[in-house]
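Enquirer: This is the structure I want to talk about, given as structure tokens.
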Amino acid sequence: MFDNVQPLVVTPQPMPFESYKGYILRVAEANGYRSIHGMLRHAGMTENEIRSATPDPEKLKRLVGSDLSEFDFLSEKTKHSRYQVLSGHRIPSLYLRSKHTRVCPCCIAEKGYISSFTELKYAVVCPEHKIETIEECPSCGKGLDVFRPGLSKCQCGYDFKHAKAREVTNHAVVGLMHILKAKLENQDLNRSLLEPLGFPVEAIAKLSLNTMLSLLYRLEGRSADAQPNSDVMATVTLAASIFTNWPRGFHKYLEETQGPQADMASTGLRKQFLPIYETLFKNGLPKDEVAFMHQAFVVFGQSQWRKALIHPKLQQGGASNIVGIYGLAQALSKQPATLRKMVAAGLIPVHAVNAKGQALFEVTEQLVFEFSAGQSLTIKEAAERLDLPVAILNVYRQKGYYQEHFMTNPMKLFHERDVERLRSELVDGVEFISNSPQDIRYISLKQIMLKKLGPSVIKAALIEAIRVREILPAGIAGDKPGDLLFKRSQIDETISSLAQKFSGMVSSENASEILGVDAKVVKSLIKANALEAYSTDYGIYVIEESLVGFNQSSMQEYSVNRA
Ligand SMILES: [Zn+2]
Ligand SMILES: [Zn+2]
């Protein structure tokens, strides 16, 4: 019977990127049908076919006398799948609303057909006219469907062309609509529209239409976070704001909307922001296409949020990261065990401690710099370069005077850059004095180091006093720290005060005064190891602490023994 179908009198040809259902409606209207229903019945379609998303094109072809090649339909085999073809794009039905296609009243008035763009679920704004598309009759409130009498006519008789256009002032939303339409119609993106909005145009240009639609679909679930009972316009507005001033719009959204709901019992960035992370990155979006969003997510964690571990796998690089010990090990190319020791020694600052008690570290450019290349020296090599005794350098470091700006592996070594800095700090700016070694008024640092000054900490403290110029060298006889020259009178005074200041030593004379005993008693107490003391080139010094608690009775005991 279908072979007997008479072609229609008026058979308009499809327009580029015209909605298929819009075309059917246009043809029906042109031929005086009050609805597509009667026309499609005439074409021999069943009720189901008429009401399907894609009324059988084969039957329509006979009616319009055209092969309808413009529509590029799905093959028979796949037409019942959850995909539809829209202007040549195979799109999940999920992202479409073909049965309730919106309309732009201005487009209908100007062009006389309905664009396939408005079949997209998210086509809430016409990017050309910058007005909201209509999804329901402004007069009777009925939702638009394809069974109305005409392109711009409602069943109630209202003509949408008379509808008051609702202008859209949100340029980012208009920009997003332009992106959807351009991708659907295989057009280049309008950079002069998108760049002033700060959209990541290069990255968006690489997104397929389906990825873009999927992002919107995914954000639709999240737009309820910001606004319960939100509609499609809210979703579109959210997506547009996320792309605005990229990545600041995205970061703002993460901070202000997702941040307050972050799961702070979790340690990792991904888990803290699991809902939005899974929304954007889980299941199926092409990784290379959304890499720019993923990277922006990591950057957010690194530079703005800074309250989460960022798993090395999550990272795409970046200047400043919050990481755990393993992330730190990867960033600095060191063994975690080595770094743990450095952390314990306070060489690497702990940025924060997470809910599980794990230390978080900030991989700053500074930290990476500290681990930069350079030779590690043994203490013997370092002491040679510094022209200092090994034992004194050892104490100098133990007492915390040695400034470590660079890390060595193993950590007990000395980084050549730190050694060089110390060397130059000791000798820089000191005036050269010729023939000075013979001058009895001066003593060199090398000579001082050979003197007996008591505990090594005194010499270490002296070196530090020289480095920070608490003691000013009188000059230098060569180019090594050992060649530094000091006035004897000045250095004697300094060493005497250092002895008291840095190791709590008092002279044996002072000790006898403190204890109220004869100087000979002090000597015998030292000999009996009852007092801790050092014999120095400046006489015998007693460690002040050993005097404390040394009471009269025990002193008498020693006095008796001595007698
Ligand atoms: Zn329009
Ligand atoms: Zn109406």
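We name chains A, B, ... following the order of the structure tokens; residues begin at 1 in each chain, and ligands are numbered from 1 as shown.
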Do a neighbour search on A:Gln500 at 12 Å with only C-alpha atoms, toss out local chain neighbours closer than 4 positions, and write the hits as a PyMOL selection string.
Expert: chain A and resi 453-455+457-458+461+493-496+504-507+510+541-545
Enquirer: Neighbours of A:Trp246 within 12 Å (only C-alpha atoms; same-chain residues fewer than 2 positions away dropped), as number ranges by chain?
Expert: A: 172, 194-204, 239-244, 248-253, 292-293, 295-297, 299-300
Enquirer: Give me the residues near stretch 49-57 of chain A as an MDAnalysis selection string, where near means some atom within 12 Å (using only C-alpha atoms) and where sequence neighbours in that chain fewer than 6 positions away do not count.
Expert: chainID A and resid 19:25 35:43 63:76 79:86 93:94 96:101 119 145:147
Enquirer: Any residue with an atom at most 6 Å from ligand 2 counts, using only C-alpha atoms and all ligand atoms. Which are they? Put them as a list in words.
Expert: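 Listed by chain and ascending number, the contacts are Cys137, Ser139, Cys140, Gly141, Lys142, Cys154, Gln155, Cys156 and Tyr158 of chain A.
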Enquirer: Keeping only all heavy atoms, write the selected residues to a file as a PDB file, in the first residue's frame.
Expert:
ATOM      1  N   CYS A 137       4.807  27.159  25.841  1.00  0.00           N
ATOM      2  CA  CYS A 137       4.045  28.259  25.257  1.00  0.00           C
ATOM      3  C   CYS A 137       3.912  29.396  26.266  1.00  0.00           C
ATOM      4  O   CYS A 137       3.458  29.167  27.386  1.00  0.00           O
ATOM      5  CB  CYS A 137       2.656  27.755  24.842  1.00  0.00           C
ATOM      6  SG  CYS A 137       1.557  29.086  24.308  1.00  0.00           S
ATOM      7  N   SER A 139       1.843  31.579  26.351  1.00  0.00           N
ATOM      8  CA  SER A 139       0.432  31.904  26.583  1.00  0.00           C
ATOM      9  C   SER A 139      -0.266  30.856  27.447  1.00  0.00           C
ATOM     10  O   SER A 139      -0.804  31.170  28.501  1.00  0.00           O
ATOM     11  CB  SER A 139      -0.292  32.037  25.240  1.00  0.00           C
ATOM     12  OG  SER A 139      -1.662  32.282  25.452  1.00  0.00           O
ATOM     13  N   CYS A 140      -0.244  29.581  27.006  1.00  0.00           N
ATOM     14  CA  CYS A 140      -0.980  28.553  27.747  1.00  0.00           C
ATOM     15  C   CYS A 140      -0.083  27.728  28.661  1.00  0.00           C
ATOM     16  O   CYS A 140      -0.581  26.948  29.475  1.00  0.00           O
ATOM     17  CB  CYS A 140      -1.737  27.625  26.785  1.00  0.00           C
ATOM     18  SG  CYS A 140      -0.654  26.527  25.839  1.00  0.00           S
ATOM     19  N   GLY A 141       1.228  27.879  28.521  1.00  0.00           N
ATOM     20  CA  GLY A 141       2.148  27.175  29.408  1.00  0.00           C
ATOM     21  C   GLY A 141       2.399  25.730  29.031  1.00  0.00           C
ATOM     22  O   GLY A 141       3.134  25.019  29.705  1.00  0.00           O
ATOM     23  N   LYS A 142       1.809  25.271  27.926  1.00  0.00           N
ATOM     24  CA  LYS A 142       2.007  23.880  27.509  1.00  0.00           C
ATOM     25  C   LYS A 142       3.426  23.692  26.966  1.00  0.00           C
ATOM     26  O   LYS A 142       3.946  24.543  26.253  1.00  0.00           O
ATOM     27  CB  LYS A 142       0.976  23.542  26.421  1.00  0.00           C
ATOM     28  CG  LYS A 142       0.953  22.068  26.023  1.00  0.00           C
ATOM     29  CD  LYS A 142      -0.146  21.825  24.979  1.00  0.00           C
ATOM     30  CE  LYS A 142      -0.284  20.345  24.643  1.00  0.00           C
ATOM     31  NZ  LYS A 142       0.905  19.767  24.015  1.00  0.00           N
ATOM     32  N   CYS A 154       1.292  27.408  18.665  1.00  0.00           N
ATOM     33  CA  CYS A 154       0.869  26.492  19.721  1.00  0.00           C
ATOM     34  C   CYS A 154      -0.542  25.982  19.415  1.00  0.00           C
ATOM     35  O   CYS A 154      -1.283  26.614  18.658  1.00  0.00           O
ATOM     36  CB  CYS A 154       0.886  27.218  21.067  1.00  0.00           C
ATOM     37  SG  CYS A 154       0.355  26.194  22.459  1.00  0.00           S
ATOM     38  N   GLN A 155      -0.899  24.852  20.042  1.00  0.00           N
ATOM     39  CA  GLN A 155      -2.269  24.342  19.897  1.00  0.00           C
ATOM     40  C   GLN A 155      -3.304  25.375  20.342  1.00  0.00           C
ATOM     41  O   GLN A 155      -4.419  25.408  19.846  1.00  0.00           O
ATOM     42  CB  GLN A 155      -2.468  23.050  20.719  1.00  0.00           C
ATOM     43  CG  GLN A 155      -2.009  21.793  20.009  1.00  0.00           C
ATOM     44  CD  GLN A 155      -0.613  21.373  20.430  1.00  0.00           C
ATOM     45  OE1 GLN A 155       0.175  22.207  20.873  1.00  0.00           O
ATOM     46  NE2 GLN A 155      -0.311  20.095  20.269  1.00  0.00           N
ATOM     47  N   CYS A 156      -2.883  26.224  21.288  1.00  0.00           N
ATOM     48  CA  CYS A 156      -3.814  27.226  21.810  1.00  0.00           C
ATOM     49  C   CYS A 156      -3.984  28.393  20.837  1.00  0.00           C
ATOM     50  O   CYS A 156      -4.800  29.280  21.063  1.00  0.00           O
ATOM     51  CB  CYS A 156      -3.361  27.732  23.178  1.00  0.00           C
ATOM     52  SG  CYS A 156      -1.991  28.911  23.120  1.00  0.00           S
ATOM     53  N   TYR A 158      -1.527  30.497  19.994  1.00  0.00           N
ATOM     54  CA  TYR A 158      -0.526  31.547  20.207  1.00  0.00           C
ATOM     55  C   TYR A 158       0.604  31.413  19.194  1.00  0.00           C
ATOM     56  O   TYR A 158       1.023  30.303  18.853  1.00  0.00           O
ATOM     57  CB  TYR A 158       0.028  31.450  21.635  1.00  0.00           C
ATOM     58  CG  TYR A 158       0.995  32.552  21.995  1.00  0.00           C
ATOM     59  CD1 TYR A 158       0.524  33.806  22.399  1.00  0.00           C
ATOM     60  CD2 TYR A 158       2.372  32.351  21.928  1.00  0.00           C
ATOM     61  CE1 TYR A 158       1.404  34.817  22.731  1.00  0.00           C
ATOM     62  CE2 TYR A 158       3.258  33.360  22.259  1.00  0.00           C
ATOM     63  CZ  TYR A 158       2.766  34.586  22.659  1.00  0.00           C
ATOM     64  OH  TYR A 158       3.638  35.581  22.983  1.00  0.00           O
TER      65      TYR A 158
END
Enquirer: Using only C-alpha atoms, which residues sit within 9 Å of A:Val124 once same-chain residues fewer than 3 positions away are excluded, as an mmCIF file with N, CA and C atoms, in the first residue's frame?
Expert:
data_model
loop_
_atom_site.group_PDB
_atom_site.id
_atom_site.type_symbol
_atom_site.label_atom_id
_atom_site.label_comp_id
_atom_site.auth_asym_id
_atom_site.auth_seq_id
_atom_site.Cartn_x
_atom_site.Cartn_y
_atom_site.Cartn_z
ATOM 1 N N ARG A 102 13.194 22.829 21.712
ATOM 2 C CA ARG A 102 12.938 24.245 21.984
ATOM 3 C C ARG A 102 12.938 25.014 20.665
ATOM 4 N N THR A 118 18.687 23.359 18.502
ATOM 5 C CA THR A 118 17.719 23.451 19.603
ATOM 6 C C THR A 118 17.192 22.086 20.039
ATOM 7 N N LEU A 120 19.299 19.937 21.080
ATOM 8 C CA LEU A 120 20.198 19.606 22.184
ATOM 9 C C LEU A 120 19.519 19.960 23.503
ATOM 10 N N LYS A 121 19.669 19.086 24.455
ATOM 11 C CA LYS A 121 19.044 19.295 25.753
ATOM 12 C C LYS A 121 19.463 20.627 26.374
ATOM 13 N N ILE A 131 19.050 35.273 23.039
ATOM 14 C CA ILE A 131 17.806 35.239 23.818
ATOM 15 C C ILE A 131 17.550 33.800 24.254
ATOM 16 N N GLU A 132 16.738 33.654 25.276
ATOM 17 C CA GLU A 132 16.387 32.312 25.731
ATOM 18 C C GLU A 132 15.512 31.639 24.684
ATOM 19 N N THR A 133 15.774 30.366 24.467
ATOM 20 C CA THR A 133 14.880 29.607 23.597
ATOM 21 C C THR A 133 13.623 29.269 24.401
ATOM 22 N N ILE A 134 12.552 28.976 23.688
ATOM 23 C CA ILE A 134 11.262 28.733 24.352
ATOM 24 C C ILE A 134 11.030 27.235 24.471
ATOM 25 N N GLU A 135 10.673 26.793 25.646
ATOM 26 C CA GLU A 135 10.360 25.368 25.789
ATOM 27 C C GLU A 135 8.893 25.144 26.117
ATOM 28 N N MET A 177 26.863 28.416 24.466
ATOM 29 C CA MET A 177 25.885 28.021 23.447
ATOM 30 C C MET A 177 26.513 28.071 22.054
ATOM 31 N N VAL A 232 17.926 23.236 33.662
ATOM 32 C CA VAL A 232 19.002 23.135 32.685
ATOM 33 C C VAL A 232 19.757 24.463 32.572
ATOM 34 N N MET A 233 19.034 25.564 32.707
ATOM 35 C CA MET A 233 19.697 26.867 32.639
ATOM 36 C C MET A 233 20.749 26.989 33.739
ATOM 37 N N VAL A 236 23.802 25.044 32.664
ATOM 38 C CA VAL A 236 24.532 25.763 31.621
ATOM 39 C C VAL A 236 25.275 26.961 32.219
#
Enquirer: For stretch 298-349 of chain A against stretch 271-291 of chain A, with a cut-off of 12 Å and counting only C-alpha atoms, what is the closest atom pair and its distance in Å to one decimal for every residue that makes the cut, ordered by chain and number, as CSV?
Expert:
residue,atom,partner,partner_atom,distance
A:Val298,CA,A:Ala291,CA,10.5
A:Phe300,CA,A:Phe273,CA,11.2
A:Gly301,CA,A:Phe273,CA,9.9
A:Trp305,CA,A:Gln272,CA,10.6
A:Arg306,CA,A:Gln272,CA,11.5
A:Lys307,CA,A:Gln272,CA,9.2
A:Ala308,CA,A:Gln272,CA,7.5
A:Leu309,CA,A:Gln272,CA,9.5
A:Ile310,CA,A:Lys271,CA,10.0
A:His311,CA,A:Lys271,CA,10.5
A:Leu314,CA,A:Ala291,CA,10.9
A:Gln315,CA,A:Ala291,CA,10.9
A:Gln316,CA,A:Ala291,CA,8.9
Enquirer: Would you write out those residues with all heavy atoms, as an mmCIF file, in the first residue's frame?
Expert:
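Ended up saving to out-v9.cif:
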data_model
loop_
_atom_site.group_PDB
_atom_site.id
_atom_site.type_symbol
_atom_site.label_atom_id
_atom_site.label_comp_id
_atom_site.auth_asym_id
_atom_site.auth_seq_id
_atom_site.Cartn_x
_atom_site.Cartn_y
_atom_site.Cartn_z
ATOM 1 N N VAL A 298 44.328 19.618 39.591
ATOM 2 C CA VAL A 298 45.545 19.381 40.378
ATOM 3 C C VAL A 298 46.170 20.716 40.804
ATOM 4 O O VAL A 298 46.579 20.885 41.952
ATOM 5 C CB VAL A 298 46.556 18.531 39.574
ATOM 6 C CG1 VAL A 298 47.884 18.437 40.316
ATOM 7 C CG2 VAL A 298 45.987 17.140 39.319
ATOM 8 N N PHE A 300 44.648 23.416 41.309
ATOM 9 C CA PHE A 300 43.816 23.926 42.398
ATOM 10 C C PHE A 300 44.280 23.348 43.734
ATOM 11 O O PHE A 300 44.453 24.076 44.716
ATOM 12 C CB PHE A 300 42.347 23.563 42.149
ATOM 13 C CG PHE A 300 41.464 23.753 43.357
ATOM 14 C CD1 PHE A 300 41.074 25.019 43.753
ATOM 15 C CD2 PHE A 300 41.042 22.662 44.103
ATOM 16 C CE1 PHE A 300 40.273 25.199 44.877
ATOM 17 C CE2 PHE A 300 40.243 22.831 45.228
ATOM 18 C CZ PHE A 300 39.858 24.106 45.614
ATOM 19 N N GLY A 301 44.499 22.038 43.743
ATOM 20 C CA GLY A 301 44.955 21.384 44.975
ATOM 21 C C GLY A 301 46.312 21.890 45.422
ATOM 22 O O GLY A 301 46.562 22.085 46.605
ATOM 23 N N TRP A 305 43.969 25.159 47.259
ATOM 24 C CA TRP A 305 43.361 24.382 48.341
ATOM 25 C C TRP A 305 44.401 24.036 49.397
ATOM 26 O O TRP A 305 44.254 24.362 50.562
ATOM 27 C CB TRP A 305 42.727 23.126 47.745
ATOM 28 C CG TRP A 305 42.001 22.262 48.722
ATOM 29 C CD1 TRP A 305 42.356 21.008 49.137
ATOM 30 C CD2 TRP A 305 40.780 22.563 49.405
ATOM 31 N NE1 TRP A 305 41.441 20.521 50.026
ATOM 32 C CE2 TRP A 305 40.462 21.453 50.217
ATOM 33 C CE3 TRP A 305 39.932 23.672 49.424
ATOM 34 C CZ2 TRP A 305 39.336 21.409 51.025
ATOM 35 C CZ3 TRP A 305 38.804 23.623 50.230
ATOM 36 C CH2 TRP A 305 38.526 22.509 51.017
ATOM 37 N N ARG A 306 45.440 23.374 48.979
ATOM 38 C CA ARG A 306 46.603 23.071 49.817
ATOM 39 C C ARG A 306 46.257 22.370 51.127
ATOM 40 O O ARG A 306 46.897 22.591 52.148
ATOM 41 C CB ARG A 306 47.392 24.358 50.096
ATOM 42 C CG ARG A 306 48.045 24.901 48.836
ATOM 43 C CD ARG A 306 48.392 26.357 48.946
ATOM 44 N NE ARG A 306 49.301 26.613 50.032
ATOM 45 C CZ ARG A 306 50.536 27.060 49.898
ATOM 46 N NH1 ARG A 306 51.017 27.285 48.718
ATOM 47 N NH2 ARG A 306 51.290 27.278 50.931
ATOM 48 N N LYS A 307 45.224 21.555 51.108
ATOM 49 C CA LYS A 307 44.865 20.817 52.314
ATOM 50 C C LYS A 307 44.800 19.329 52.016
ATOM 51 O O LYS A 307 44.151 18.590 52.748
ATOM 52 C CB LYS A 307 43.491 21.284 52.833
ATOM 53 C CG LYS A 307 43.481 22.708 53.337
ATOM 54 C CD LYS A 307 42.051 23.201 53.531
ATOM 55 C CE LYS A 307 42.021 24.711 53.617
ATOM 56 N NZ LYS A 307 40.710 25.248 53.239
ATOM 57 N N ALA A 308 45.399 18.918 50.943
ATOM 58 C CA ALA A 308 45.264 17.518 50.561
ATOM 59 C C ALA A 308 46.551 16.987 49.971
ATOM 60 O O ALA A 308 47.349 17.720 49.404
ATOM 61 C CB ALA A 308 44.137 17.375 49.533
ATOM 62 N N LEU A 309 46.708 15.686 50.148
ATOM 63 C CA LEU A 309 47.776 14.983 49.450
ATOM 64 C C LEU A 309 47.430 14.947 47.976
ATOM 65 O O LEU A 309 46.272 14.777 47.620
ATOM 66 C CB LEU A 309 47.826 13.532 49.923
ATOM 67 C CG LEU A 309 48.626 13.199 51.153
ATOM 68 C CD1 LEU A 309 48.366 11.754 51.518
ATOM 69 C CD2 LEU A 309 50.092 13.391 50.864
ATOM 70 N N ILE A 310 48.438 15.097 47.153
ATOM 71 C CA ILE A 310 48.195 14.938 45.729
ATOM 72 C C ILE A 310 49.017 13.751 45.273
ATOM 73 O O ILE A 310 50.239 13.788 45.289
ATOM 74 C CB ILE A 310 48.550 16.219 44.960
ATOM 75 C CG1 ILE A 310 47.625 17.344 45.430
ATOM 76 C CG2 ILE A 310 48.402 15.991 43.463
ATOM 77 C CD1 ILE A 310 47.976 18.696 44.890
ATOM 78 N N HIS A 311 48.317 12.692 44.967
ATOM 79 C CA HIS A 311 49.002 11.474 44.562
ATOM 80 C C HIS A 311 49.835 11.756 43.323
ATOM 81 O O HIS A 311 49.382 12.466 42.425
ATOM 82 C CB HIS A 311 47.967 10.386 44.266
ATOM 83 C CG HIS A 311 48.579 9.030 44.149
ATOM 84 N ND1 HIS A 311 49.162 8.596 42.997
ATOM 85 C CD2 HIS A 311 48.725 8.027 45.048
ATOM 86 C CE1 HIS A 311 49.636 7.374 43.189
ATOM 87 N NE2 HIS A 311 49.381 7.014 44.430
ATOM 88 N N LEU A 314 48.273 11.653 40.112
ATOM 89 C CA LEU A 314 47.298 12.696 39.819
ATOM 90 C C LEU A 314 47.971 13.911 39.197
ATOM 91 O O LEU A 314 47.341 14.738 38.558
ATOM 92 C CB LEU A 314 46.600 13.098 41.122
ATOM 93 C CG LEU A 314 45.218 13.737 41.052
ATOM 94 C CD1 LEU A 314 44.214 12.786 40.451
ATOM 95 C CD2 LEU A 314 44.774 14.139 42.445
ATOM 96 N N GLN A 315 49.265 13.965 39.397
ATOM 97 C CA GLN A 315 49.964 15.183 39.007
ATOM 98 C C GLN A 315 50.282 15.241 37.527
ATOM 99 O O GLN A 315 50.628 14.275 36.907
ATOM 100 C CB GLN A 315 51.274 15.302 39.780
ATOM 101 C CG GLN A 315 51.034 15.646 41.223
ATOM 102 C CD GLN A 315 52.325 15.707 41.978
ATOM 103 O OE1 GLN A 315 53.298 16.241 41.487
ATOM 104 N NE2 GLN A 315 52.329 15.135 43.153
ATOM 105 N N GLN A 316 50.195 16.413 37.025
ATOM 106 C CA GLN A 316 50.596 16.656 35.639
ATOM 107 C C GLN A 316 51.777 17.616 35.643
ATOM 108 O O GLN A 316 52.059 18.273 34.667
ATOM 109 C CB GLN A 316 49.441 17.281 34.859
ATOM 110 C CG GLN A 316 48.134 16.546 34.997
ATOM 111 C CD GLN A 316 47.952 15.502 33.936
ATOM 112 O OE1 GLN A 316 48.409 15.668 32.824
ATOM 113 N NE2 GLN A 316 47.291 14.420 34.264
#
